[in-house]
Structures are given as structure tokens and as C-alpha cells.
Amino acid sequence: MNESVTPKIGVLALQGAFSAHVDRLRAIGVDARVVRLPADLEALDGLVLPGGESTTMSNLLGTFDLVAPLRRFITVGRPVLGTCAGMILLAEKILDGRSDQIALASCGIVVRRNGYGRQVDSFETAIDVTGLTDPFPAIFIRAPRIEQTSDDVEVLARHDGDPVLVREANVLAASFHPELANDDRIHRLFADMVRDAIDNDKISNEVR
Ligand code: GLN
């Protein structure tokens with residue numbers, strides 16, 4: 001991995017908790033930019049889909065003509081981190097969603113909106129994450145529950161037996177809000193995924 005590369009990572013800023021992601025990425029040396037229009041995606045090495053309200057975000061993706069460009073961005077292999085509502089957008093299938101809600105189907109997970117129930121709308125718990133030495137303080141806010149994962153999905157962390165952090169190829173998805181914790185390790189993990197993708201791109205261009 002090339003530590004000297006400064007990755008350019010966009011944060012979808014249509015709605016929701018995007019500014020904490022921007023701050024966190026900048027604090028770890030990433031060139032973080034807000035994304036509102038398809039053209040904003042062009043120069044980026046990676047993208048964060050933040051938490052918020054997934055049905056509203058889904059509407060706005062349509063309004064801003066972002067659905068097809070977003071799918072392309074992910075299909076060509078650029079890394080994407082989806083948190084909470086952002087994870088819902090990336091899912092294969094959404095339960096308890098609105099019938100016209102967009103599921104980009106970029107990650108083989110079935111998610112249930114607000115799946116942790118009303119009585120525990122929001123909570124914080126320490127989770128063990130594959131690759132991290134100490135537990136991560138995970139903040140869940142009306143969080144989606146991952147009810148199924150396909151074979152290609154690697155589960156990196158669980159809470160009460162259910163997956164809460166998963167990876168499938170270039171897609172990393174969390175049902176919690178890593179940007180709200182006083183801990184930058186999940187963002188560092190994602191920035192490393194982006195640096196690796198930049199390196200692999202360079203290698204395949206040289207081979208060509
Ligand atoms: N419950 C929200 C939704 O369904 C997600 C909550 C969040 O992102 N904090 O969109």
C-alpha cells in the first residue's frame with residue numbers, strides 16, 4: 001500500500017449526516033469533497049454514502065440524476081462506504097422500506113429498516129471488528145438490521161449475533177455511525193481500501 005497517495009473521497013451530501021464524515025476523513029489526511037451532482041463523482045477515488053433517511057435520500061438520488069452514475073462508480077470497482085441509511089441504499093433488498101425505494105444492489109445483504117426496534121431506537125455498544133485490536137464504539141441510530149448475507153459477503157463485526165459491518169469486494173457497509181464515534185479506525189480502514197484500489201489501478205494500467 002502506498003501511504004503517500006492522498007485519496008480523493010467524496011461524501012454524498014444530499015441529506016443526512018454527511019459533514020461528520022467529511023471532518024473525519026479530512027482529519028486522517030484524505031482529500032474529502034461533498035458530492036451533489038453526477039459530475040462531482042468524476043475525479044473521485046472513493047465515496048461515502050452517509051446515514052440519514054433512506055427514503056428521502058432515495059428520492060433525492062432520482063431528482064439529482066445520480067442513480068446510474070452511482071451504479072457505474074461502484075461497478076467499475078471504486079470503493080464505497082455506506083453507513084446506516086447509506087448501507088440501506090447499497091443493499092440487495094430492503095424490508096420495511098417504501099415500495100419505490102432504490103436498492104442499488106451493490107452488496108449482497110437483505111436489510112430491515114429500523115430493525116433494532118423502537119425501544120432501542122439509539123444505543124452505543126462496543127463491537128469486535130476483524131482486523132482491529134480493540135473493540136470499536138458503535139453508535140446505532142434507528143439502525144437497519146442485516147437479516148441475510150450472500151456467500152460473497154464477509155462479516156467483519158456482529159452485534160447480538162447479527163452482522164453490523166460487512167464487506168463485499170469494494171463495498172464496505174455499516175449499520176451504525178462510525179463518523180459519530182470518537183474513533184477514526186473504520187475511516188482509516190476505508191481509506192486503506194481506497195489506496196489499495198488506486199494502487200491496483202496503477203498496476204493494471206502499467207500492464208496494459
Ligand atoms: N432509519 C433510517 C432509514 O431507514 C436510517 C437511520 C440512520 O441513517 N441513522 O433511512
# chains A, B, ... in the order shown; residues from 1 in each chain; ligands from 1
>>> closest_atom_pairs(of="chain A", to="ligand 1", cutoff="8 Å", atoms="only C-alpha atoms and all ligand atoms", output="JSON lines")
{"residue": "A:Gly16", "atom": "CA", "partner": "ligand 1", "partner_atom_place_in_ligand_line": "8 (O)", "distance": 7.4}
{"residue": "A:Ala17", "atom": "CA", "partner": "ligand 1", "partner_atom_place_in_ligand_line": "8 (O)", "distance": 7.8}
{"residue": "A:Pro50", "atom": "CA", "partner": "ligand 1", "partner_atom_place_in_ligand_line": "8 (O)", "distance": 7.1}
{"residue": "A:Gly51", "atom": "CA", "partner": "ligand 1", "partner_atom_place_in_ligand_line": "8 (O)", "distance": 3.4}
{"residue": "A:Gly52", "atom": "CA", "partner": "ligand 1", "partner_atom_place_in_ligand_line": "8 (O)", "distance": 3.9}
{"residue": "A:Glu53", "atom": "CA", "partner": "ligand 1", "partner_atom_place_in_ligand_line": "10 (O)", "distance": 3.4}
{"residue": "A:Ser54", "atom": "CA", "partner": "ligand 1", "partner_atom_place_in_ligand_line": "10 (O)", "distance": 3.3}
{"residue": "A:Thr55", "atom": "CA", "partner": "ligand 1", "partner_atom_place_in_ligand_line": "10 (O)", "distance": 5.9}
{"residue": "A:Thr56", "atom": "CA", "partner": "ligand 1", "partner_atom_place_in_ligand_line": "10 (O)", "distance": 7.7}
{"residue": "A:Met57", "atom": "CA", "partner": "ligand 1", "partner_atom_place_in_ligand_line": "10 (O)", "distance": 7.9}
{"residue": "A:Thr83", "atom": "CA", "partner": "ligand 1", "partner_atom_place_in_ligand_line": "8 (O)", "distance": 6.9}
{"residue": "A:Cys84", "atom": "CA", "partner": "ligand 1", "partner_atom_place_in_ligand_line": "8 (O)", "distance": 4.1}
{"residue": "A:Ala85", "atom": "CA", "partner": "ligand 1", "partner_atom_place_in_ligand_line": "8 (O)", "distance": 3.8}
{"residue": "A:Gly86", "atom": "CA", "partner": "ligand 1", "partner_atom_place_in_ligand_line": "8 (O)", "distance": 6.8}
{"residue": "A:Ile88", "atom": "CA", "partner": "ligand 1", "partner_atom_place_in_ligand_line": "10 (O)", "distance": 7.0}
{"residue": "A:Gly97", "atom": "CA", "partner": "ligand 1", "partner_atom_place_in_ligand_line": "4 (O)", "distance": 7.3}
{"residue": "A:Arg113", "atom": "CA", "partner": "ligand 1", "partner_atom_place_in_ligand_line": "4 (O)", "distance": 4.7}
{"residue": "A:Asn114", "atom": "CA", "partner": "ligand 1", "partner_atom_place_in_ligand_line": "1 (N)", "distance": 4.9}
{"residue": "A:Phe140", "atom": "CA", "partner": "ligand 1", "partner_atom_place_in_ligand_line": "9 (N)", "distance": 7.1}
{"residue": "A:Ile141", "atom": "CA", "partner": "ligand 1", "partner_atom_place_in_ligand_line": "9 (N)", "distance": 4.6}
{"residue": "A:Arg142", "atom": "CA", "partner": "ligand 1", "partner_atom_place_in_ligand_line": "1 (N)", "distance": 4.6}
{"residue": "A:Ala143", "atom": "CA", "partner": "ligand 1", "partner_atom_place_in_ligand_line": "6 (C)", "distance": 5.1}
{"residue": "A:Pro144", "atom": "CA", "partner": "ligand 1", "partner_atom_place_in_ligand_line": "1 (N)", "distance": 6.3}
{"residue": "A:Phe176", "atom": "CA", "partner": "ligand 1", "partner_atom_place_in_ligand_line": "9 (N)", "distance": 7.4}
{"residue": "A:His177", "atom": "CA", "partner": "ligand 1", "partner_atom_place_in_ligand_line": "9 (N)", "distance": 7.2}
>>> residues_around(residues="Leu61 of chain A", least_positions_apart="4", cutoff="10 Å", atoms="only C-alpha atoms", output="NGL selection string")
:A and (12 or 14 or 36-38 or 55-57 or 65-68 or 70 or 102)
>>> residues_around(residues="Pro163 of chain A", least_positions_apart="5", cutoff="12 Å", atoms="only C-alpha atoms", output="PyMOL selection string")
chain A and resi 109-111+127-130+144-150+153-158+173-176
>>> closest_residue(among="A:Asp201, A:Glu124, A:Asp100, A:Glu206", to="Val76 of chain A", atoms="only C-alpha atoms")
A:Asp201
>>> closest_residue(among="A:Ala20, A:Leu95, A:Leu41, A:Leu25", to="Arg72 of chain A", atoms="only C-alpha atoms")
A:Leu41
>>> closest_residue(among="A:Ala169, A:Ser106, A:Phe64, A:Asp121", to="Asp196 of chain A", atoms="only C-alpha atoms")
A:Ala169
>>> residues_around(residues="Pro137 of chain A", least_positions_apart="3", cutoff="9 Å", atoms="only C-alpha atoms", output="PDB file with all heavy atoms, in the first residue's frame")
ATOM      1  N   GLU A 124     -25.365   2.704  22.065  1.00  0.00           N
ATOM      2  CA  GLU A 124     -23.941   2.563  21.745  1.00  0.00           C
ATOM      3  C   GLU A 124     -23.444   1.271  22.366  1.00  0.00           C
ATOM      4  O   GLU A 124     -23.816   0.930  23.490  1.00  0.00           O
ATOM      5  CB  GLU A 124     -23.151   3.748  22.312  1.00  0.00           C
ATOM      6  CG  GLU A 124     -21.673   3.620  22.006  1.00  0.00           C
ATOM      7  CD  GLU A 124     -20.849   4.817  22.482  1.00  0.00           C
ATOM      8  OE1 GLU A 124     -21.397   5.921  22.616  1.00  0.00           O
ATOM      9  OE2 GLU A 124     -19.648   4.610  22.720  1.00  0.00           O
ATOM     10  N   THR A 125     -22.646   0.535  21.621  1.00  0.00           N
ATOM     11  CA  THR A 125     -22.110  -0.712  22.152  1.00  0.00           C
ATOM     12  C   THR A 125     -20.734  -0.966  21.538  1.00  0.00           C
ATOM     13  O   THR A 125     -20.477  -0.543  20.402  1.00  0.00           O
ATOM     14  CB  THR A 125     -23.092  -1.884  21.871  1.00  0.00           C
ATOM     15  OG1 THR A 125     -22.610  -3.053  22.504  1.00  0.00           O
ATOM     16  CG2 THR A 125     -23.241  -2.160  20.388  1.00  0.00           C
ATOM     17  N   ALA A 126     -19.878  -1.632  22.306  1.00  0.00           N
ATOM     18  CA  ALA A 126     -18.537  -1.933  21.796  1.00  0.00           C
ATOM     19  C   ALA A 126     -18.599  -3.210  20.965  1.00  0.00           C
ATOM     20  O   ALA A 126     -19.143  -4.217  21.421  1.00  0.00           O
ATOM     21  CB  ALA A 126     -17.569  -2.098  22.955  1.00  0.00           C
ATOM     22  N   ILE A 127     -18.067  -3.160  19.752  1.00  0.00           N
ATOM     23  CA  ILE A 127     -18.090  -4.359  18.896  1.00  0.00           C
ATOM     24  C   ILE A 127     -16.662  -4.756  18.524  1.00  0.00           C
ATOM     25  O   ILE A 127     -15.787  -3.896  18.366  1.00  0.00           O
ATOM     26  CB  ILE A 127     -18.914  -4.122  17.606  1.00  0.00           C
ATOM     27  CG1 ILE A 127     -18.418  -2.877  16.848  1.00  0.00           C
ATOM     28  CG2 ILE A 127     -20.404  -3.980  17.915  1.00  0.00           C
ATOM     29  CD1 ILE A 127     -18.974  -2.731  15.453  1.00  0.00           C
ATOM     30  N   PRO A 178     -20.024   5.181  12.274  1.00  0.00           N
ATOM     31  CA  PRO A 178     -18.623   5.318  12.710  1.00  0.00           C
ATOM     32  C   PRO A 178     -18.153   6.773  12.770  1.00  0.00           C
ATOM     33  O   PRO A 178     -17.258   7.105  13.542  1.00  0.00           O
ATOM     34  CB  PRO A 178     -17.828   4.542  11.651  1.00  0.00           C
ATOM     35  CG  PRO A 178     -18.737   4.426  10.482  1.00  0.00           C
ATOM     36  CD  PRO A 178     -20.134   4.464  11.005  1.00  0.00           C
ATOM     37  N   ALA A 181     -18.510   8.362  16.310  1.00  0.00           N
ATOM     38  CA  ALA A 181     -17.695   7.860  17.420  1.00  0.00           C
ATOM     39  C   ALA A 181     -16.393   8.659  17.489  1.00  0.00           C
ATOM     40  O   ALA A 181     -15.938   9.210  16.484  1.00  0.00           O
ATOM     41  CB  ALA A 181     -17.385   6.387  17.208  1.00  0.00           C
ATOM     42  N   ASN A 182     -15.816   8.686  18.661  1.00  0.00           N
ATOM     43  CA  ASN A 182     -14.535   9.362  18.823  1.00  0.00           C
ATOM     44  C   ASN A 182     -13.420   8.376  18.472  1.00  0.00           C
ATOM     45  O   ASN A 182     -12.585   8.038  19.299  1.00  0.00           O
ATOM     46  CB  ASN A 182     -14.426   9.851  20.279  1.00  0.00           C
ATOM     47  CG  ASN A 182     -13.272  10.800  20.451  1.00  0.00           C
ATOM     48  OD1 ASN A 182     -12.744  11.328  19.473  1.00  0.00           O
ATOM     49  ND2 ASN A 182     -12.865  10.988  21.698  1.00  0.00           N
ATOM     50  N   ASP A 183     -13.449   7.890  17.252  1.00  0.00           N
ATOM     51  CA  ASP A 183     -12.569   6.782  16.858  1.00  0.00           C
ATOM     52  C   ASP A 183     -12.522   6.783  15.324  1.00  0.00           C
ATOM     53  O   ASP A 183     -13.577   6.731  14.674  1.00  0.00           O
ATOM     54  CB  ASP A 183     -13.192   5.464  17.370  1.00  0.00           C
ATOM     55  CG  ASP A 183     -12.238   4.297  17.296  1.00  0.00           C
ATOM     56  OD1 ASP A 183     -11.549   4.161  16.261  1.00  0.00           O
ATOM     57  OD2 ASP A 183     -12.190   3.498  18.254  1.00  0.00           O
TER      58      ASP A 183
END
>>> closest_residue(among="A:Ile94, A:Ile28, A:Ile186, A:Leu47", to="Asn170 of chain A", atoms="only C-alpha atoms")
A:Leu47
>>> closest_residue(among="A:Ala39, A:Ala191, A:Leu60, A:Leu44", to="Gln15 of chain A", atoms="only C-alpha atoms")
A:Leu60
>>> atom_distance(atom1="atom CA of Val5 of chain A", atom2="atom CA of Val166 of chain A")
25.4 Å
>>> select_by_dssp(residues="chain A", states="helix (DSSP H, G or I)", output="number ranges by chain")
A: 18-27, 38-41, 54-63, 67-75, 85-90, 178-180, 185-207
>>> select_by_dssp(residues="segment 65-150 of chain A", states="strand (DSSP E or B)", output="PyMOL selection string")
chain A and resi 80-83+91-95+107-112+122-127+136-141+145-149
>>> write_last_selection(atoms="N, CA and C atoms", output="JSON list (two decimals), in the first residue's frame")
[["chain", "number", "residue", "atom", "x", "y", "z"],
["A", 80, "VAL", "N", -16.67, 2.04, -1.90],
["A", 80, "VAL", "CA", -17.79, 2.80, -1.34],
["A", 80, "VAL", "C", -18.03, 2.34, 0.09],
["A", 81, "LEU", "N", -18.22, 3.32, 0.98],
["A", 81, "LEU", "CA", -18.60, 3.02, 2.36],
["A", 81, "LEU", "C", -20.02, 3.53, 2.58],
["A", 82, "GLY", "N", -20.92, 2.65, 2.97],
["A", 82, "GLY", "CA", -22.29, 3.06, 3.28],
["A", 82, "GLY", "C", -22.54, 2.88, 4.77],
["A", 83, "THR", "N", -23.03, 3.95, 5.42],
["A", 83, "THR", "CA", -23.32, 3.83, 6.85],
["A", 83, "THR", "C", -24.81, 4.08, 7.10],
["A", 91, "ALA", "N", -27.98, -2.02, -0.32],
["A", 91, "ALA", "CA", -28.46, -3.39, -0.13],
["A", 91, "ALA", "C", -29.09, -3.99, -1.39],
["A", 92, "GLU", "N", -29.11, -5.31, -1.39],
["A", 92, "GLU", "CA", -29.76, -6.09, -2.45],
["A", 92, "GLU", "C", -31.28, -5.96, -2.31],
["A", 93, "LYS", "N", -31.72, -5.99, -1.03],
["A", 93, "LYS", "CA", -33.15, -5.98, -0.78],
["A", 93, "LYS", "C", -33.43, -5.24, 0.54],
["A", 94, "ILE", "N", -34.50, -4.42, 0.52],
["A", 94, "ILE", "CA", -34.86, -3.62, 1.69],
["A", 94, "ILE", "C", -36.21, -4.08, 2.23],
["A", 95, "LEU", "N", -36.26, -4.47, 3.50],
["A", 95, "LEU", "CA", -37.52, -4.86, 4.13],
["A", 95, "LEU", "C", -38.04, -3.66, 4.93],
["A", 107, "CYS", "N", -24.34, -4.68, -2.69],
["A", 107, "CYS", "CA", -23.84, -5.54, -1.62],
["A", 107, "CYS", "C", -24.92, -6.58, -1.33],
["A", 108, "GLY", "N", -24.49, -7.84, -1.25],
["A", 108, "GLY", "CA", -25.45, -8.94, -1.10],
["A", 108, "GLY", "C", -26.01, -9.07, 0.31],
["A", 109, "ILE", "N", -26.72, -8.04, 0.72],
["A", 109, "ILE", "CA", -27.34, -8.08, 2.05],
["A", 109, "ILE", "C", -28.83, -7.76, 1.94],
["A", 110, "VAL", "N", -29.61, -8.40, 2.84],
["A", 110, "VAL", "CA", -31.02, -8.05, 2.99],
["A", 110, "VAL", "C", -31.12, -7.29, 4.31],
["A", 111, "VAL", "N", -31.65, -6.06, 4.26],
["A", 111, "VAL", "CA", -31.69, -5.23, 5.47],
["A", 111, "VAL", "C", -33.12, -4.86, 5.82],
["A", 112, "ARG", "N", -33.38, -4.78, 7.12],
["A", 112, "ARG", "CA", -34.69, -4.32, 7.57],
["A", 112, "ARG", "C", -34.55, -2.93, 8.17],
["A", 122, "SER", "N", -31.88, 4.10, 19.67],
["A", 122, "SER", "CA", -30.49, 4.51, 19.56],
["A", 122, "SER", "C", -29.71, 3.94, 20.74],
["A", 123, "PHE", "N", -28.54, 3.42, 20.47],
["A", 123, "PHE", "CA", -27.70, 2.90, 21.55],
["A", 123, "PHE", "C", -26.25, 2.83, 21.09],
["A", 124, "GLU", "N", -25.37, 2.70, 22.07],
["A", 124, "GLU", "CA", -23.94, 2.56, 21.74],
["A", 124, "GLU", "C", -23.44, 1.27, 22.37],
["A", 125, "THR", "N", -22.65, 0.53, 21.62],
["A", 125, "THR", "CA", -22.11, -0.71, 22.15],
["A", 125, "THR", "C", -20.73, -0.97, 21.54],
["A", 126, "ALA", "N", -19.88, -1.63, 22.31],
["A", 126, "ALA", "CA", -18.54, -1.93, 21.80],
["A", 126, "ALA", "C", -18.60, -3.21, 20.97],
["A", 127, "ILE", "N", -18.07, -3.16, 19.75],
["A", 127, "ILE", "CA", -18.09, -4.36, 18.90],
["A", 127, "ILE", "C", -16.66, -4.76, 18.52],
["A", 136, "PHE", "N", -14.58, -1.47, 18.87],
["A", 136, "PHE", "CA", -14.97, -0.18, 18.30],
["A", 136, "PHE", "C", -16.29, 0.27, 18.93],
["A", 137, "PRO", "N", -16.39, 1.55, 19.36],
["A", 137, "PRO", "CA", -17.64, 2.04, 19.97],
["A", 137, "PRO", "C", -18.67, 2.35, 18.88],
["A", 138, "ALA", "N", -19.61, 1.44, 18.68],
["A", 138, "ALA", "CA", -20.56, 1.58, 17.57],
["A", 138, "ALA", "C", -21.84, 2.26, 18.04],
["A", 139, "ILE", "N", -22.21, 3.35, 17.35],
["A", 139, "ILE", "CA", -23.41, 4.11, 17.69],
["A", 139, "ILE", "C", -24.51, 3.78, 16.68],
["A", 140, "PHE", "N", -25.60, 3.22, 17.20],
["A", 140, "PHE", "CA", -26.73, 2.82, 16.34],
["A", 140, "PHE", "C", -27.86, 3.83, 16.52],
["A", 141, "ILE", "N", -28.35, 4.39, 15.41],
["A", 141, "ILE", "CA", -29.45, 5.36, 15.48],
["A", 141, "ILE", "C", -30.55, 4.90, 14.52],
["A", 145, "ARG", "N", -31.24, -3.46, 10.38],
["A", 145, "ARG", "CA", -30.69, -4.75, 10.79],
["A", 145, "ARG", "C", -30.40, -5.58, 9.54],
["A", 146, "ILE", "N", -29.21, -6.17, 9.49],
["A", 146, "ILE", "CA", -28.87, -7.04, 8.36],
["A", 146, "ILE", "C", -29.45, -8.42, 8.66],
["A", 147, "GLU", "N", -30.41, -8.85, 7.87],
["A", 147, "GLU", "CA", -31.08, -10.13, 8.15],
["A", 147, "GLU", "C", -30.52, -11.29, 7.34],
["A", 148, "GLN", "N", -29.89, -10.98, 6.20],
["A", 148, "GLN", "CA", -29.27, -12.04, 5.40],
["A", 148, "GLN", "C", -28.03, -11.51, 4.71],
["A", 149, "THR", "N", -27.06, -12.41, 4.53],
["A", 149, "THR", "CA", -25.88, -12.03, 3.74],
["A", 149, "THR", "C", -25.64, -13.12, 2.70]]
>>> closest_residue(among="A:Val194, A:Tyr116, A:Gly131, A:Ser19", to="Leu180 of chain A", atoms="only C-alpha atoms")
A:Ser19
>>> atom_distance(atom1="atom CA of Leu104 of chain A", atom2="atom CA of Leu89 of chain A")
5.8 Å
>>> atom_distance(atom1="atom CA of Val34 of chain A", atom2="atom CA of Lys8 of chain A")
10.6 Å
>>> decode(residues="segment 73-192 of chain A", atoms="C-alpha atoms", output="JSON list (two decimals), in the first residue's frame")
[["chain", "number", "residue", "atom", "x", "y", "z"],
["A", 73, "PHE", "CA", -18.97, 4.28, -9.93],
["A", 74, "ILE", "CA", -19.44, 1.15, -7.84],
["A", 75, "THR", "CA", -19.46, -1.35, -10.72],
["A", 76, "VAL", "CA", -16.05, -0.23, -12.01],
["A", 77, "GLY", "CA", -14.64, -1.11, -8.59],
["A", 78, "ARG", "CA", -14.23, 2.19, -6.81],
["A", 79, "PRO", "CA", -14.59, 1.69, -3.05],
["A", 80, "VAL", "CA", -17.79, 2.80, -1.34],
["A", 81, "LEU", "CA", -18.60, 3.02, 2.36],
["A", 82, "GLY", "CA", -22.29, 3.06, 3.28],
["A", 83, "THR", "CA", -23.32, 3.83, 6.85],
["A", 84, "CYS", "CA", -26.83, 3.30, 8.24],
["A", 85, "ALA", "CA", -29.18, 4.82, 5.61],
["A", 86, "GLY", "CA", -26.19, 4.63, 3.23],
["A", 87, "MET", "CA", -25.98, 0.89, 3.88],
["A", 88, "ILE", "CA", -29.71, 0.60, 3.11],
["A", 89, "LEU", "CA", -29.08, 2.21, -0.30],
["A", 90, "LEU", "CA", -26.37, -0.36, -1.09],
["A", 91, "ALA", "CA", -28.46, -3.39, -0.13],
["A", 92, "GLU", "CA", -29.76, -6.09, -2.45],
["A", 93, "LYS", "CA", -33.15, -5.98, -0.78],
["A", 94, "ILE", "CA", -34.86, -3.62, 1.69],
["A", 95, "LEU", "CA", -37.52, -4.86, 4.13],
["A", 96, "ASP", "CA", -40.00, -2.38, 5.67],
["A", 97, "GLY", "CA", -38.95, 0.16, 3.06],
["A", 98, "ARG", "CA", -41.14, 2.14, 0.72],
["A", 99, "SER", "CA", -42.12, 0.15, -2.36],
["A", 100, "ASP", "CA", -40.38, 2.58, -4.77],
["A", 101, "GLN", "CA", -37.25, 2.93, -2.62],
["A", 102, "ILE", "CA", -33.99, 2.45, -4.52],
["A", 103, "ALA", "CA", -31.78, -0.52, -3.61],
["A", 104, "LEU", "CA", -28.55, -0.20, -5.59],
["A", 105, "ALA", "CA", -27.91, -3.94, -5.02],
["A", 106, "SER", "CA", -24.16, -3.34, -4.69],
["A", 107, "CYS", "CA", -23.84, -5.54, -1.62],
["A", 108, "GLY", "CA", -25.45, -8.94, -1.10],
["A", 109, "ILE", "CA", -27.34, -8.08, 2.05],
["A", 110, "VAL", "CA", -31.02, -8.05, 2.99],
["A", 111, "VAL", "CA", -31.69, -5.23, 5.47],
["A", 112, "ARG", "CA", -34.69, -4.32, 7.57],
["A", 113, "ARG", "CA", -35.18, -0.60, 8.12],
["A", 114, "ASN", "CA", -35.35, 0.37, 11.79],
["A", 115, "GLY", "CA", -34.70, -3.30, 12.52],
["A", 116, "TYR", "CA", -33.47, -2.74, 16.06],
["A", 117, "GLY", "CA", -36.94, -1.74, 17.23],
["A", 118, "ARG", "CA", -38.37, 1.34, 18.88],
["A", 119, "GLN", "CA", -37.41, 0.61, 22.47],
["A", 120, "VAL", "CA", -33.77, 0.65, 21.47],
["A", 121, "ASP", "CA", -34.01, 3.35, 18.81],
["A", 122, "SER", "CA", -30.49, 4.51, 19.56],
["A", 123, "PHE", "CA", -27.70, 2.90, 21.55],
["A", 124, "GLU", "CA", -23.94, 2.56, 21.74],
["A", 125, "THR", "CA", -22.11, -0.71, 22.15],
["A", 126, "ALA", "CA", -18.54, -1.93, 21.80],
["A", 127, "ILE", "CA", -18.09, -4.36, 18.90],
["A", 128, "ASP", "CA", -15.16, -6.54, 17.91],
["A", 129, "VAL", "CA", -14.06, -5.81, 14.35],
["A", 130, "THR", "CA", -11.91, -8.15, 12.27],
["A", 131, "GLY", "CA", -8.50, -6.51, 11.84],
["A", 132, "LEU", "CA", -8.85, -4.08, 14.78],
["A", 133, "THR", "CA", -7.13, -4.87, 18.06],
["A", 134, "ASP", "CA", -9.54, -3.13, 20.45],
["A", 135, "PRO", "CA", -13.35, -3.01, 20.28],
["A", 136, "PHE", "CA", -14.97, -0.18, 18.30],
["A", 137, "PRO", "CA", -17.64, 2.04, 19.97],
["A", 138, "ALA", "CA", -20.56, 1.58, 17.57],
["A", 139, "ILE", "CA", -23.41, 4.11, 17.69],
["A", 140, "PHE", "CA", -26.73, 2.82, 16.34],
["A", 141, "ILE", "CA", -29.45, 5.36, 15.48],
["A", 142, "ARG", "CA", -32.74, 3.84, 14.24],
["A", 143, "ALA", "CA", -30.40, 1.41, 12.60],
["A", 144, "PRO", "CA", -31.15, -1.10, 9.88],
["A", 145, "ARG", "CA", -30.69, -4.75, 10.79],
["A", 146, "ILE", "CA", -28.87, -7.04, 8.36],
["A", 147, "GLU", "CA", -31.08, -10.13, 8.15],
["A", 148, "GLN", "CA", -29.27, -12.04, 5.40],
["A", 149, "THR", "CA", -25.88, -12.03, 3.74],
["A", 150, "SER", "CA", -24.91, -13.75, 0.50],
["A", 151, "ASP", "CA", -21.85, -16.01, 0.24],
["A", 152, "ASP", "CA", -19.63, -13.26, -1.16],
["A", 153, "VAL", "CA", -20.18, -11.02, 1.84],
["A", 154, "GLU", "CA", -17.53, -11.03, 4.57],
["A", 155, "VAL", "CA", -18.87, -10.23, 8.03],
["A", 156, "LEU", "CA", -16.34, -8.02, 9.85],
["A", 157, "ALA", "CA", -18.38, -7.39, 13.02],
["A", 158, "ARG", "CA", -21.53, -8.58, 14.74],
["A", 159, "HIS", "CA", -23.84, -7.31, 17.44],
["A", 160, "ASP", "CA", -26.10, -9.82, 19.23],
["A", 161, "GLY", "CA", -25.23, -12.34, 16.53],
["A", 162, "ASP", "CA", -26.29, -10.15, 13.59],
["A", 163, "PRO", "CA", -23.78, -8.70, 11.13],
["A", 164, "VAL", "CA", -23.27, -4.93, 11.61],
["A", 165, "LEU", "CA", -20.14, -4.35, 9.48],
["A", 166, "VAL", "CA", -19.75, -6.21, 6.20],
["A", 167, "ARG", "CA", -17.58, -6.09, 3.12],
["A", 168, "GLU", "CA", -18.19, -7.38, -0.37],
["A", 169, "ALA", "CA", -15.29, -6.58, -2.73],
["A", 170, "ASN", "CA", -15.15, -2.76, -3.00],
["A", 171, "VAL", "CA", -18.21, -2.16, -0.81],
["A", 172, "LEU", "CA", -17.99, -1.65, 2.97],
["A", 173, "ALA", "CA", -21.27, -1.24, 4.85],
["A", 174, "ALA", "CA", -22.04, -0.48, 8.50],
["A", 175, "SER", "CA", -25.43, -0.43, 10.19],
["A", 176, "PHE", "CA", -24.00, 2.03, 12.74],
["A", 177, "HIS", "CA", -22.45, 5.53, 12.55],
["A", 178, "PRO", "CA", -18.62, 5.32, 12.71],
["A", 179, "GLU", "CA", -18.35, 9.05, 11.93],
["A", 180, "LEU", "CA", -20.05, 9.92, 15.26],
["A", 181, "ALA", "CA", -17.70, 7.86, 17.42],
["A", 182, "ASN", "CA", -14.54, 9.36, 18.82],
["A", 183, "ASP", "CA", -12.57, 6.78, 16.86],
["A", 184, "ASP", "CA", -11.24, 7.00, 13.31],
["A", 185, "ARG", "CA", -10.33, 3.35, 12.70],
["A", 186, "ILE", "CA", -13.23, 2.43, 10.38],
["A", 187, "HIS", "CA", -12.49, 5.51, 8.25],
["A", 188, "ARG", "CA", -8.80, 4.52, 8.18],
["A", 189, "LEU", "CA", -9.80, 1.01, 7.10],
["A", 190, "PHE", "CA", -11.87, 2.52, 4.29],
["A", 191, "ALA", "CA", -9.10, 4.95, 3.26],
["A", 192, "ASP", "CA", -6.78, 1.91, 3.02]]
